[in-house]
file structure_1.cif (mmCIF, C-alpha atoms)
data_my_file
loop_
_atom_site.label_atom_id
_atom_site.label_comp_id
_atom_site.auth_asym_id
_atom_site.auth_seq_id
_atom_site.Cartn_x
_atom_site.Cartn_y
_atom_site.Cartn_z
CA MET A 1 0.00 0.00 0.00
CA LYS A 2 2.78 2.35 0.86
CA ASN A 3 4.51 1.68 -2.46
CA GLY A 4 1.24 2.26 -4.33
CA LYS A 5 0.71 5.60 -2.66
CA GLY A 6 4.29 6.61 -3.43
CA ILE A 7 3.85 5.78 -7.10
CA LYS A 8 0.64 7.84 -7.23
CA VAL A 9 2.39 10.79 -5.65
CA ILE A 10 5.22 10.57 -8.16
CA ILE A 11 2.73 10.38 -11.03
CA VAL A 12 0.91 13.46 -9.72
CA LEU A 13 4.18 15.37 -9.39
CA VAL A 14 5.20 14.44 -12.91
CA VAL A 15 1.84 15.61 -14.24
CA VAL A 16 2.08 18.88 -12.33
CA ILE A 17 5.63 19.48 -13.55
CA ALA A 18 4.56 18.72 -17.10
CA LEU A 19 1.66 21.15 -16.85
CA VAL A 20 3.95 23.83 -15.46
CA VAL A 21 6.44 23.26 -18.27
CA ILE A 22 3.72 23.27 -20.90
CA GLY A 23 2.13 26.35 -19.30
CA GLY A 24 5.48 28.08 -19.18
CA LEU A 25 6.07 27.32 -22.82
CA LYS A 26 2.62 28.69 -23.68
CA ILE A 27 3.28 31.85 -21.67
CA LYS A 28 6.64 32.25 -23.39
CA ASN A 29 5.05 31.73 -26.79
CA VAL A 30 2.39 34.33 -25.99
CA TYR A 31 5.03 36.76 -24.79
CA ASP A 32 7.19 36.20 -27.85
CA GLY A 33 4.19 36.61 -30.14
CA PHE A 34 3.15 39.80 -28.40
CA MET A 35 6.63 41.29 -28.64
CA ASP A 36 7.00 40.24 -32.28
CA GLU A 37 3.76 42.02 -33.10
CA TYR A 38 4.63 45.04 -30.94
CA LYS A 39 8.09 45.45 -32.46
CA GLY A 40 7.07 44.15 -35.87
CA THR A 41 8.90 45.84 -38.76
CA GLU A 42 9.24 42.94 -41.20
CA SER A 43 6.47 42.00 -43.63
CA ALA A 44 5.60 38.67 -45.24
CA SER A 45 3.25 37.43 -47.93
CA GLY A 46 -0.40 37.46 -46.97
CA THR A 47 -3.93 38.26 -47.99
CA ASP A 48 -5.40 41.69 -48.65
CA VAL A 49 -8.15 42.76 -46.27
CA THR A 50 -10.30 45.90 -46.58
CA ILE A 51 -11.35 47.62 -43.38
CA GLU A 52 -13.31 50.75 -42.47
CA ILE A 53 -12.04 53.13 -39.75
CA PRO A 54 -14.84 55.38 -38.43
CA GLU A 55 -14.39 59.07 -37.64
CA GLY A 56 -12.87 59.68 -34.21
CA ALA A 57 -11.91 56.04 -33.61
CA SER A 58 -9.44 55.55 -30.78
CA SER A 59 -6.37 53.36 -31.17
CA LYS A 60 -8.13 50.77 -28.99
CA LYS A 61 -11.15 50.74 -31.32
CA VAL A 62 -8.89 50.48 -34.37
CA ALA A 63 -6.99 47.59 -32.75
CA ALA A 64 -10.29 45.74 -32.27
CA ILE A 65 -11.19 46.29 -35.94
CA LEU A 66 -7.81 44.97 -37.05
CA HIS A 67 -8.13 41.97 -34.73
CA ASP A 68 -11.61 41.09 -35.99
CA ALA A 69 -10.32 41.32 -39.57
CA GLY A 70 -7.52 38.87 -38.78
CA LEU A 71 -4.80 41.45 -39.34
CA ILE A 72 -3.38 41.37 -35.80
CA LYS A 73 -3.50 38.90 -32.91
CA TYR A 74 -2.63 41.07 -29.94
CA GLU A 75 -4.72 44.24 -29.76
CA TYR A 76 -2.76 45.83 -26.92
CA ALA A 77 0.50 45.40 -28.83
CA PHE A 78 -0.95 47.62 -31.56
CA VAL A 79 -2.32 50.17 -29.05
CA LEU A 80 1.02 50.33 -27.24
CA ARG A 81 2.97 50.73 -30.47
CA VAL A 82 0.81 53.67 -31.58
CA LYS A 83 0.90 55.29 -28.14
CA GLU A 84 4.69 55.20 -27.92
CA SER A 85 5.34 56.37 -31.48
CA GLU A 86 5.31 59.59 -33.47
CA TYR A 87 1.91 58.48 -34.87
CA ARG A 88 0.01 58.96 -31.61
CA GLY A 89 -3.27 60.77 -32.26
CA ARG A 90 -2.86 60.64 -36.05
CA ILE A 91 -5.10 57.71 -37.05
CA GLN A 92 -7.22 58.71 -40.03
CA PRO A 93 -10.80 57.68 -40.76
CA GLY A 94 -11.57 56.04 -44.07
CA THR A 95 -11.39 52.81 -46.07
CA PHE A 96 -8.03 51.01 -46.10
CA THR A 97 -6.73 47.88 -47.78
CA LEU A 98 -4.16 46.16 -45.59
CA ASN A 99 -2.43 42.80 -45.85
CA THR A 100 -2.23 40.05 -43.25
CA GLY A 101 1.49 39.82 -43.94
CA MET A 102 2.13 43.48 -43.10
CA SER A 103 4.12 44.36 -39.99
CA THR A 104 2.52 46.37 -37.20
CA LEU A 105 4.57 49.41 -38.22
CA GLU A 106 3.48 49.14 -41.85
CA MET A 107 -0.18 49.04 -40.81
CA ILE A 108 0.28 52.05 -38.56
CA GLU A 109 1.98 53.99 -41.36
CA GLU A 110 -0.94 53.22 -43.67
CA LEU A 111 -3.55 54.25 -41.13
CA CYS A 112 -1.91 57.35 -39.69
CA TYR A 113 -1.46 60.88 -40.91
CA VAL A 114 2.12 62.10 -40.93
CA GLU A 115 2.51 65.85 -41.16
CA PRO A 116 4.89 66.65 -44.01
CA VAL A 117 8.17 68.22 -43.04
CA LYS A 118 8.03 71.89 -44.00
CA GLU A 119 11.01 73.53 -45.60
CA VAL A 120 12.55 76.47 -43.76
CA VAL A 121 12.85 79.33 -46.25
CA ASP A 122 14.22 81.98 -43.88
CA THR A 123 14.83 82.81 -40.24
CA LEU A 124 13.73 85.86 -38.28
CA THR A 125 15.87 86.99 -35.35
CA ILE A 126 14.17 89.32 -32.88
CA PRO A 127 16.73 90.96 -30.56
CA GLU A 128 15.96 91.47 -26.88
CA GLY A 129 14.34 94.85 -26.34
CA TYR A 130 12.65 95.12 -29.74
CA SER A 131 9.22 96.73 -29.65
CA ILE A 132 6.29 95.49 -31.68
CA ASP A 133 6.81 98.34 -34.15
CA GLN A 134 10.43 97.28 -34.67
CA ILE A 135 9.40 93.65 -35.15
CA ALA A 136 6.82 94.74 -37.75
CA ALA A 137 9.47 96.75 -39.61
CA LYS A 138 11.85 93.78 -39.64
CA CYS A 139 9.14 91.46 -40.95
CA GLU A 140 8.60 93.85 -43.86
CA GLU A 141 12.34 94.19 -44.42
CA GLN A 142 12.64 90.39 -44.79
CA ASP A 143 9.48 90.13 -46.96
CA ILE A 144 7.73 87.91 -44.41
CA CYS A 145 4.72 90.21 -44.33
CA SER A 146 4.15 93.93 -44.50
CA SER A 147 4.52 96.07 -41.40
CA GLU A 148 0.86 97.02 -41.75
CA GLU A 149 -0.23 93.36 -41.85
CA PHE A 150 1.77 92.55 -38.74
CA LEU A 151 0.49 95.53 -36.76
CA ASN A 152 -3.10 94.86 -37.85
CA GLU A 153 -2.79 91.28 -36.63
CA VAL A 154 -1.35 92.49 -33.32
CA LYS A 155 -4.28 94.84 -32.82
CA ASN A 156 -7.15 92.81 -34.23
CA GLY A 157 -6.01 89.18 -34.39
CA ASN A 158 -7.44 86.47 -32.17
CA HIS A 159 -4.46 85.73 -29.94
CA GLN A 160 -4.53 84.51 -26.36
CA ILE A 161 -2.49 86.67 -23.98
CA PRO A 162 -0.40 84.37 -21.74
CA PHE A 163 -1.61 85.90 -18.47
CA SER A 164 -3.92 88.63 -17.24
CA THR A 165 -2.82 92.15 -16.41
CA GLY A 166 -4.14 91.76 -12.88
CA ASP A 167 -5.27 95.03 -11.33
CA MET A 168 -3.33 97.18 -13.80
CA ASN A 169 -5.24 99.81 -15.74
CA THR A 170 -4.08 99.22 -19.31
CA ASP A 171 -6.51 101.58 -21.04
CA GLY A 172 -3.67 103.70 -22.41
CA ALA A 173 -1.43 100.83 -23.49
CA LYS A 174 -0.49 100.96 -27.16
CA TYR A 175 -0.58 97.18 -27.72
CA ASP A 176 -2.03 94.44 -25.55
CA LEU A 177 0.64 92.05 -26.86
CA GLN A 178 3.61 94.30 -26.12
CA GLY A 179 6.03 92.39 -23.90
CA TYR A 180 4.74 88.94 -24.88
CA LEU A 181 6.36 88.54 -28.33
CA PHE A 182 9.42 86.77 -27.06
CA PRO A 183 12.78 87.75 -28.61
CA ALA A 184 14.36 84.71 -30.29
CA THR A 185 15.23 83.29 -33.71
CA TYR A 186 12.22 81.84 -35.53
CA ASP A 187 12.05 79.58 -38.58
CA ILE A 188 10.07 81.05 -41.46
CA TYR A 189 8.17 78.75 -43.85
CA GLU A 190 6.45 79.30 -47.16
CA ASP A 191 3.07 79.43 -45.40
CA THR A 192 4.16 81.63 -42.47
CA THR A 193 1.75 84.50 -41.88
CA ALA A 194 1.69 87.40 -39.44
CA ALA A 195 -0.88 85.47 -37.40
CA SER A 196 1.10 82.21 -37.25
CA LEU A 197 4.31 84.07 -36.43
CA ILE A 198 2.67 85.93 -33.54
CA ASP A 199 1.24 82.67 -32.18
CA THR A 200 4.70 81.09 -32.33
CA MET A 201 6.20 84.03 -30.44
CA LEU A 202 3.49 83.80 -27.77
CA GLU A 203 4.07 80.08 -27.43
CA LYS A 204 7.76 80.72 -26.95
CA PHE A 205 6.94 83.23 -24.21
CA ARG A 206 4.77 80.66 -22.44
CA SER A 207 7.62 78.14 -22.50
CA VAL A 208 9.98 80.67 -20.89
CA TYR A 209 7.70 82.40 -18.38
CA THR A 210 6.93 79.40 -16.19
CA SER A 211 4.65 78.91 -13.19
CA GLU A 212 7.80 79.26 -11.07
CA TYR A 213 8.15 82.81 -12.37
CA SER A 214 4.51 83.55 -11.53
CA ALA A 215 4.97 82.20 -8.01
CA LYS A 216 8.07 84.36 -7.53
CA ALA A 217 6.20 87.44 -8.78
CA ALA A 218 3.47 86.80 -6.23
CA ASP A 219 6.09 86.43 -3.48
CA LEU A 220 7.43 89.85 -4.44
CA GLY A 221 3.94 91.33 -4.26
CA TYR A 222 3.61 92.09 -7.98
CA THR A 223 1.53 90.74 -10.84
CA ASP A 224 3.12 88.97 -13.79
CA TYR A 225 2.27 91.97 -15.95
CA GLN A 226 4.05 94.37 -13.59
CA ILE A 227 7.11 92.11 -13.67
CA LEU A 228 7.00 92.26 -17.46
CA ILE A 229 6.75 96.07 -17.43
CA MET A 230 9.79 96.37 -15.17
CA ALA A 231 11.69 93.80 -17.24
CA SER A 232 11.02 95.84 -20.38
CA ILE A 233 12.56 98.92 -18.72
CA VAL A 234 15.58 96.93 -17.55
CA GLU A 235 15.98 95.56 -21.09
CA ARG A 236 16.15 99.04 -22.62
CA GLU A 237 18.34 100.46 -19.83
CA ALA A 238 20.94 97.73 -19.32
CA LYS A 239 23.80 97.18 -21.72
CA ILE A 240 25.76 94.81 -19.46
CA ASP A 241 24.19 91.61 -18.13
CA SER A 242 25.68 91.99 -14.65
CA GLU A 243 23.91 95.35 -14.25
CA ARG A 244 20.40 94.06 -15.01
CA PRO A 245 19.66 92.95 -11.39
CA ILE A 246 21.18 96.19 -10.06
CA ILE A 247 18.93 98.35 -12.25
CA ALA A 248 15.98 96.17 -11.22
CA GLY A 249 16.94 96.90 -7.61
CA VAL A 250 16.86 100.65 -8.31
CA ILE A 251 13.36 100.34 -9.78
CA TYR A 252 12.11 98.51 -6.70
CA ASN A 253 13.79 101.02 -4.39
CA ARG A 254 12.10 103.94 -6.11
CA LEU A 255 8.71 102.26 -6.16
CA LYS A 256 8.92 101.54 -2.43
CA ILE A 257 9.25 105.23 -1.57
CA ASP A 258 6.82 106.46 -4.27
CA MET A 259 9.65 108.16 -6.10
CA MET A 260 9.20 108.75 -9.83
CA LEU A 261 11.11 106.19 -11.87
CA GLN A 262 12.31 108.79 -14.37
CA MET A 263 13.65 106.22 -16.84
CA CYS A 264 14.54 107.65 -20.25
CA PRO A 265 13.31 104.67 -22.33
CA THR A 266 9.79 105.32 -21.06
CA VAL A 267 10.03 108.70 -22.81
CA LEU A 268 11.70 107.37 -25.95
CA TYR A 269 9.01 104.73 -26.46
CA PRO A 270 6.12 107.15 -27.05
CA LEU A 271 8.42 109.83 -28.49
CA THR A 272 9.69 107.58 -31.31
CA ASP A 273 6.43 105.65 -31.75
CA GLY A 274 8.16 102.50 -30.56
CA MET A 275 11.04 102.64 -33.05
CA TYR A 276 13.75 103.83 -30.62
CA ASP A 277 15.47 105.67 -33.47
CA LYS A 278 16.54 108.48 -31.16
CA SER A 279 19.30 107.84 -28.63
CA GLU A 280 19.21 110.87 -26.35
CA VAL A 281 16.41 112.57 -24.48
CA THR A 282 16.22 116.37 -24.23
CA TYR A 283 14.55 118.32 -21.42
CA ASP A 284 11.76 119.23 -23.83
CA ASP A 285 11.22 115.53 -24.56
CA LEU A 286 10.54 114.88 -20.90
CA GLU A 287 7.35 116.92 -21.17
CA ILE A 288 5.66 114.53 -23.60
CA GLU A 289 2.15 113.67 -22.43
CA SER A 290 1.96 109.90 -22.29
CA PRO A 291 0.95 107.25 -19.75
CA TYR A 292 4.35 105.69 -20.47
CA ASN A 293 6.34 108.77 -19.41
CA THR A 294 7.74 108.07 -15.94
CA TYR A 295 9.00 111.65 -15.69
CA LYS A 296 5.39 112.84 -15.65
CA ASN A 297 3.66 109.93 -13.90
CA THR A 298 4.44 108.11 -10.69
CA GLY A 299 4.65 104.34 -10.52
CA LEU A 300 5.03 102.00 -13.47
CA PRO A 301 4.16 102.96 -17.02
CA VAL A 302 0.84 101.73 -18.38
CA GLY A 303 2.44 98.73 -20.10
CA PRO A 304 5.72 97.21 -21.30
CA ILE A 305 7.84 99.43 -23.54
CA CYS A 306 9.42 96.53 -25.44
CA ASN A 307 9.66 92.75 -25.46
CA PRO A 308 12.24 91.75 -22.84
CA GLY A 309 14.42 88.66 -22.89
CA GLN A 310 14.76 86.03 -20.18
CA ALA A 311 17.79 87.67 -18.53
CA SER A 312 15.87 90.89 -17.89
CA ILE A 313 12.80 89.02 -16.64
CA GLU A 314 14.94 87.05 -14.20
CA ALA A 315 16.74 90.24 -13.12
CA VAL A 316 13.39 91.67 -12.01
CA LEU A 317 12.31 88.43 -10.33
CA TYR A 318 15.65 88.09 -8.56
CA PRO A 319 16.86 91.71 -8.16
CA ASP A 320 20.03 92.84 -6.48
CA GLU A 321 19.33 94.03 -2.94
CA ASN A 322 20.90 97.48 -2.78
CA ASP A 323 20.09 101.00 -1.60
CA TYR A 324 20.75 102.70 -4.94
CA LEU A 325 18.26 105.30 -6.14
CA TYR A 326 20.28 106.88 -8.96
CA TYR A 327 22.55 105.88 -11.82
CA HIS A 328 24.05 107.39 -14.94
CA THR A 329 26.20 106.20 -17.81
CA SER A 330 29.91 105.96 -17.03
CA ASP A 331 32.72 107.26 -19.23
CA ALA A 332 34.05 103.74 -19.83
CA GLY A 333 32.34 103.58 -23.22
CA ASP A 334 31.01 100.07 -22.62
CA GLY A 335 27.49 101.06 -21.62
CA SER A 336 28.15 100.54 -17.93
CA HIS A 337 26.64 102.75 -15.23
CA ILE A 338 27.67 104.43 -11.99
CA PHE A 339 25.19 103.83 -9.19
CA SER A 340 24.54 106.12 -6.21
CA SER A 341 22.41 106.03 -3.07
CA THR A 342 21.95 109.79 -2.71
CA TYR A 343 21.35 112.66 -5.08
CA ASP A 344 24.57 114.38 -3.96
CA GLU A 345 26.60 111.27 -4.82
CA HIS A 346 24.79 111.10 -8.13
CA ILE A 347 25.70 114.70 -9.01
CA ASN A 348 29.29 114.42 -7.78
CA THR A 349 30.04 111.37 -9.92
CA GLN A 350 28.94 113.02 -13.15
#
call {"tool": "encode", "arguments": {"input": "structure_1.cif", "output": "structure tokens"}}
result
Amino acid sequence: MKNGKGIKVIIVLVVVIALVVIGGLKIKNVYDGFMDEYKGTESASGTDVTIEIPEGASSKKVAAILHDAGLIKYEYAFVLRVKESEYRGRIQPGTFTLNTGMSTLEMIEELCYVEPVKEVVDTLTIPEGYSIDQIAAKCEEQDICSSEEFLNEVKNGNHQIPFSTGDMNTDGAKYDLQGYLFPATYDIYEDTTAASLIDTMLEKFRSVYTSEYSAKAADLGYTDYQILIMASIVEREAKIDSERPIIAGVIYNRLKIDMMLQMCPTVLYPLTDGMYDKSEVTYDDLEIESPYNTYKNTGLPVGPICNPGQASIEAVLYPDENDYLYYHTSDAGDGSHIFSSTYDEHINTQ
């Protein structure tokens, strides 16, 4: 009896082991088949099958259609391949003739829309500190569009401003988009228009001015728009990168004590209609009536006076902590400034 029981146990163990081995082989075969279909790039001979892809079909729905038509075995392999490829979201509706011998990749390429690569015909470089009027003039100079077309699109086009102006009264601002058209080099294509170029510039701004910047602005007690206004002044004032945070510090210091900013670029902007084609400001110029003129109005101007670059934006967000209230151009000839804490020091260093 004992020997009989032992034999039965051995038989059961052998059967169990066999089932495990067979099951393991099946699992391996399934895995291998799945991976072959997922990675599939090689085609073989097969049979043509016509399928219909409805409008708005998801990759999961398409995989089911392909499976039912006998074109694929593992639906999730197809879904995963589409999801992790450049073809994600590009499946087209319509009638397609596929072949059972096609690889997964070949089927995807047949079913998906691939945006043609556009040829770059020119590039447009917008320097830091350019105003919208200067950008418009450069667009006309390079035959991208006329200055009038660009300015009309700025004023009347349907473009989403990256953030609100907060509590600022912008009624007197020349352009709502001033400050947001980020200075950079842009590729120009055959079908580039004033509208598409402006949207690209705004998108570039959004990629640079992050939520971290907004949080820092709030910590400083200013709106994003106010940060942009100050950055535009710093951009037109600073010629040396190391001085940007120092000039930003001067702006903050003056604002804290309700002292007029008295920054010359805020006069040049309305005086030259945004072209900055005049380098020096006369005493008569200081009398120009404009909501941008910080010699006539306290606080910040009504809006940005140019489109600042990232260095000037960061200078305002992370200003130098100093007690300077005054500065003037030095005699070094490199655009540097001499900074002073008192008016007497300011006068004596001139």
call {"tool": "residues_near_point", "arguments": {"input": "structure_1.cif", "point": "(24.3, 93.8, -20.5)", "cutoff": "12 Å", "atoms": "all atoms listed in the file", "output": "PyMOL selection string"}}
result
chain A and resi 128-129+234-247+309+311-312+315+334-337
call {"tool": "write_last_selection", "arguments": {"input": "structure_1.cif", "atoms": "C-alpha atoms", "output": "compact mmCIF listing (two decimals), in the frame of the given file"}}
result
# COMPACT_ATOMS: atom_id res chain seq x y z
CA GLU A 128 15.96 91.47 -26.88
CA GLY A 129 14.34 94.85 -26.34
CA VAL A 234 15.58 96.93 -17.55
CA GLU A 235 15.98 95.56 -21.09
CA ARG A 236 16.15 99.04 -22.62
CA GLU A 237 18.34 100.46 -19.83
CA ALA A 238 20.94 97.73 -19.32
CA LYS A 239 23.80 97.18 -21.72
CA ILE A 240 25.76 94.81 -19.46
CA ASP A 241 24.19 91.61 -18.13
CA SER A 242 25.68 91.99 -14.65
CA GLU A 243 23.91 95.35 -14.25
CA ARG A 244 20.40 94.06 -15.01
CA PRO A 245 19.66 92.95 -11.39
CA ILE A 246 21.18 96.19 -10.06
CA ILE A 247 18.93 98.35 -12.25
CA GLY A 309 14.42 88.66 -22.89
CA ALA A 311 17.79 87.67 -18.53
CA SER A 312 15.87 90.89 -17.89
CA ALA A 315 16.74 90.24 -13.12
CA ASP A 334 31.01 100.07 -22.62
CA GLY A 335 27.49 101.06 -21.62
CA SER A 336 28.15 100.54 -17.93
CA HIS A 337 26.64 102.75 -15.23
call {"tool": "resolve_selection", "arguments": {"input": "structure_1.cif", "expression": "the PyMOL selection byres ((chain A and resi 275-282) around 10)", "output": "PyMOL selection string"}}
result
chain A and resi 129-135+137+236+264-265+267-274+283-287+306
call {"tool": "residues_near_point", "arguments": {"input": "structure_1.cif", "point": "(14.8, 80.6, -34.2)", "cutoff": "9 Å", "atoms": "only C-alpha atoms", "output": "VMD selection string"}}
result
chain A and resid 123 to 126 184 to 188
call {"tool": "residues_around", "arguments": {"input": "structure_1.cif", "residues": "Thr193 (chain A)", "least_positions_apart": "5", "cutoff": "10 Å", "atoms": "all atoms listed in the file", "output": "PyMOL selection string"}}
result
chain A and resi 144-145+149-150+153+188+198-199
call {"tool": "closest_residue", "arguments": {"input": "structure_1.cif", "among": "A:Ser58, A:Thr223, A:Asn322, A:Asn169", "to": "Gln92 (chain A)", "atoms": "all atoms listed in the file"}}
result
A:Ser58
call {"tool": "decode", "arguments": {"input": "structure_1.cif", "residues": "region 282-305 of chain A", "atoms": "N, CA, C and O atoms", "output": "PDB file, in the first residue's frame"}}
result
ATOM      1  N   THR A 282      16.017 114.970 -24.613  1.00  0.00           N
ATOM      2  CA  THR A 282      16.220 116.367 -24.230  1.00  0.00           C
ATOM      3  C   THR A 282      15.236 116.727 -23.110  1.00  0.00           C
ATOM      4  O   THR A 282      14.281 115.989 -22.838  1.00  0.00           O
ATOM      5  N   TYR A 283      15.460 117.866 -22.481  1.00  0.00           N
ATOM      6  CA  TYR A 283      14.552 118.318 -21.424  1.00  0.00           C
ATOM      7  C   TYR A 283      13.149 118.547 -21.973  1.00  0.00           C
ATOM      8  O   TYR A 283      12.143 118.293 -21.294  1.00  0.00           O
ATOM      9  N   ASP A 284      13.075 119.026 -23.203  1.00  0.00           N
ATOM     10  CA  ASP A 284      11.761 119.227 -23.827  1.00  0.00           C
ATOM     11  C   ASP A 284      11.037 117.896 -24.021  1.00  0.00           C
ATOM     12  O   ASP A 284       9.808 117.812 -23.892  1.00  0.00           O
ATOM     13  N   ASP A 285      11.822 116.847 -24.351  1.00  0.00           N
ATOM     14  CA  ASP A 285      11.224 115.525 -24.565  1.00  0.00           C
ATOM     15  C   ASP A 285      10.544 115.006 -23.302  1.00  0.00           C
ATOM     16  O   ASP A 285       9.545 114.274 -23.377  1.00  0.00           O
ATOM     17  N   LEU A 286      11.075 115.370 -22.169  1.00  0.00           N
ATOM     18  CA  LEU A 286      10.540 114.881 -20.898  1.00  0.00           C
ATOM     19  C   LEU A 286       9.120 115.351 -20.631  1.00  0.00           C
ATOM     20  O   LEU A 286       8.426 114.793 -19.781  1.00  0.00           O
ATOM     21  N   GLU A 287       8.687 116.351 -21.383  1.00  0.00           N
ATOM     22  CA  GLU A 287       7.349 116.915 -21.172  1.00  0.00           C
ATOM     23  C   GLU A 287       6.273 116.216 -21.990  1.00  0.00           C
ATOM     24  O   GLU A 287       5.105 116.588 -21.929  1.00  0.00           O
ATOM     25  N   ILE A 288       6.651 115.203 -22.761  1.00  0.00           N
ATOM     26  CA  ILE A 288       5.663 114.533 -23.602  1.00  0.00           C
ATOM     27  C   ILE A 288       4.536 113.942 -22.747  1.00  0.00           C
ATOM     28  O   ILE A 288       4.770 113.322 -21.706  1.00  0.00           O
ATOM     29  N   GLU A 289       3.311 114.190 -23.163  1.00  0.00           N
ATOM     30  CA  GLU A 289       2.154 113.675 -22.435  1.00  0.00           C
ATOM     31  C   GLU A 289       1.885 112.238 -22.870  1.00  0.00           C
ATOM     32  O   GLU A 289       1.466 111.979 -23.995  1.00  0.00           O
ATOM     33  N   SER A 290       2.156 111.323 -21.981  1.00  0.00           N
ATOM     34  CA  SER A 290       1.962 109.903 -22.294  1.00  0.00           C
ATOM     35  C   SER A 290       1.878 109.112 -21.000  1.00  0.00           C
ATOM     36  O   SER A 290       2.614 109.393 -20.046  1.00  0.00           O
ATOM     37  N   PRO A 291       1.021 108.100 -20.944  1.00  0.00           N
ATOM     38  CA  PRO A 291       0.945 107.252 -19.747  1.00  0.00           C
ATOM     39  C   PRO A 291       2.192 106.381 -19.573  1.00  0.00           C
ATOM     40  O   PRO A 291       2.326 105.699 -18.559  1.00  0.00           O
ATOM     41  N   TYR A 292       3.080 106.422 -20.576  1.00  0.00           N
ATOM     42  CA  TYR A 292       4.347 105.689 -20.468  1.00  0.00           C
ATOM     43  C   TYR A 292       5.437 106.542 -19.821  1.00  0.00           C
ATOM     44  O   TYR A 292       6.420 105.999 -19.305  1.00  0.00           O
ATOM     45  N   ASN A 293       5.290 107.844 -19.855  1.00  0.00           N
ATOM     46  CA  ASN A 293       6.339 108.767 -19.410  1.00  0.00           C
ATOM     47  C   ASN A 293       6.467 108.766 -17.885  1.00  0.00           C
ATOM     48  O   ASN A 293       5.635 109.312 -17.172  1.00  0.00           O
ATOM     49  N   THR A 294       7.546 108.159 -17.390  1.00  0.00           N
ATOM     50  CA  THR A 294       7.738 108.070 -15.938  1.00  0.00           C
ATOM     51  C   THR A 294       8.383 109.326 -15.358  1.00  0.00           C
ATOM     52  O   THR A 294       8.684 109.361 -14.166  1.00  0.00           O
ATOM     53  N   TYR A 295       8.591 110.338 -16.191  1.00  0.00           N
ATOM     54  CA  TYR A 295       9.003 111.655 -15.691  1.00  0.00           C
ATOM     55  C   TYR A 295       7.778 112.503 -15.353  1.00  0.00           C
ATOM     56  O   TYR A 295       7.889 113.504 -14.651  1.00  0.00           O
ATOM     57  N   LYS A 296       6.626 112.084 -15.875  1.00  0.00           N
ATOM     58  CA  LYS A 296       5.389 112.835 -15.648  1.00  0.00           C
ATOM     59  C   LYS A 296       4.408 112.074 -14.752  1.00  0.00           C
ATOM     60  O   LYS A 296       3.493 112.667 -14.190  1.00  0.00           O
ATOM     61  N   ASN A 297       4.592 110.766 -14.644  1.00  0.00           N
ATOM     62  CA  ASN A 297       3.660 109.929 -13.899  1.00  0.00           C
ATOM     63  C   ASN A 297       4.416 109.088 -12.867  1.00  0.00           C
ATOM     64  O   ASN A 297       5.500 108.572 -13.147  1.00  0.00           O
ATOM     65  N   THR A 298       3.824 108.950 -11.705  1.00  0.00           N
ATOM     66  CA  THR A 298       4.435 108.106 -10.685  1.00  0.00           C
ATOM     67  C   THR A 298       4.114 106.639 -10.957  1.00  0.00           C
ATOM     68  O   THR A 298       3.167 106.319 -11.692  1.00  0.00           O
ATOM     69  N   GLY A 299       4.882 105.762 -10.357  1.00  0.00           N
ATOM     70  CA  GLY A 299       4.651 104.335 -10.523  1.00  0.00           C
ATOM     71  C   GLY A 299       5.115 103.815 -11.864  1.00  0.00           C
ATOM     72  O   GLY A 299       5.875 104.469 -12.592  1.00  0.00           O
ATOM     73  N   LEU A 300       4.637 102.638 -12.215  1.00  0.00           N
ATOM     74  CA  LEU A 300       5.032 101.998 -13.466  1.00  0.00           C
ATOM     75  C   LEU A 300       4.294 102.608 -14.651  1.00  0.00           C
ATOM     76  O   LEU A 300       3.188 103.121 -14.495  1.00  0.00           O
ATOM     77  N   PRO A 301       4.892 102.534 -15.828  1.00  0.00           N
ATOM     78  CA  PRO A 301       4.156 102.962 -17.024  1.00  0.00           C
ATOM     79  C   PRO A 301       2.959 102.049 -17.255  1.00  0.00           C
ATOM     80  O   PRO A 301       2.824 100.999 -16.626  1.00  0.00           O
ATOM     81  N   VAL A 302       2.095 102.425 -18.171  1.00  0.00           N
ATOM     82  CA  VAL A 302       0.839 101.727 -18.375  1.00  0.00           C
ATOM     83  C   VAL A 302       1.033 100.310 -18.919  1.00  0.00           C
ATOM     84  O   VAL A 302       0.163  99.459 -18.778  1.00  0.00           O
ATOM     85  N   GLY A 303       2.166 100.062 -19.543  1.00  0.00           N
ATOM     86  CA  GLY A 303       2.441  98.735 -20.103  1.00  0.00           C
ATOM     87  C   GLY A 303       3.906  98.594 -20.439  1.00  0.00           C
ATOM     88  O   GLY A 303       4.685  99.549 -20.307  1.00  0.00           O
ATOM     89  N   PRO A 304       4.327  97.411 -20.893  1.00  0.00           N
ATOM     90  CA  PRO A 304       5.723  97.207 -21.305  1.00  0.00           C
ATOM     91  C   PRO A 304       6.103  98.138 -22.449  1.00  0.00           C
ATOM     92  O   PRO A 304       5.269  98.478 -23.284  1.00  0.00           O
ATOM     93  N   ILE A 305       7.369  98.527 -22.485  1.00  0.00           N
ATOM     94  CA  ILE A 305       7.843  99.426 -23.539  1.00  0.00           C
ATOM     95  C   ILE A 305       8.641  98.677 -24.603  1.00  0.00           C
ATOM     96  O   ILE A 305       9.158  99.296 -25.535  1.00  0.00           O
TER      97      ILE A 305
END
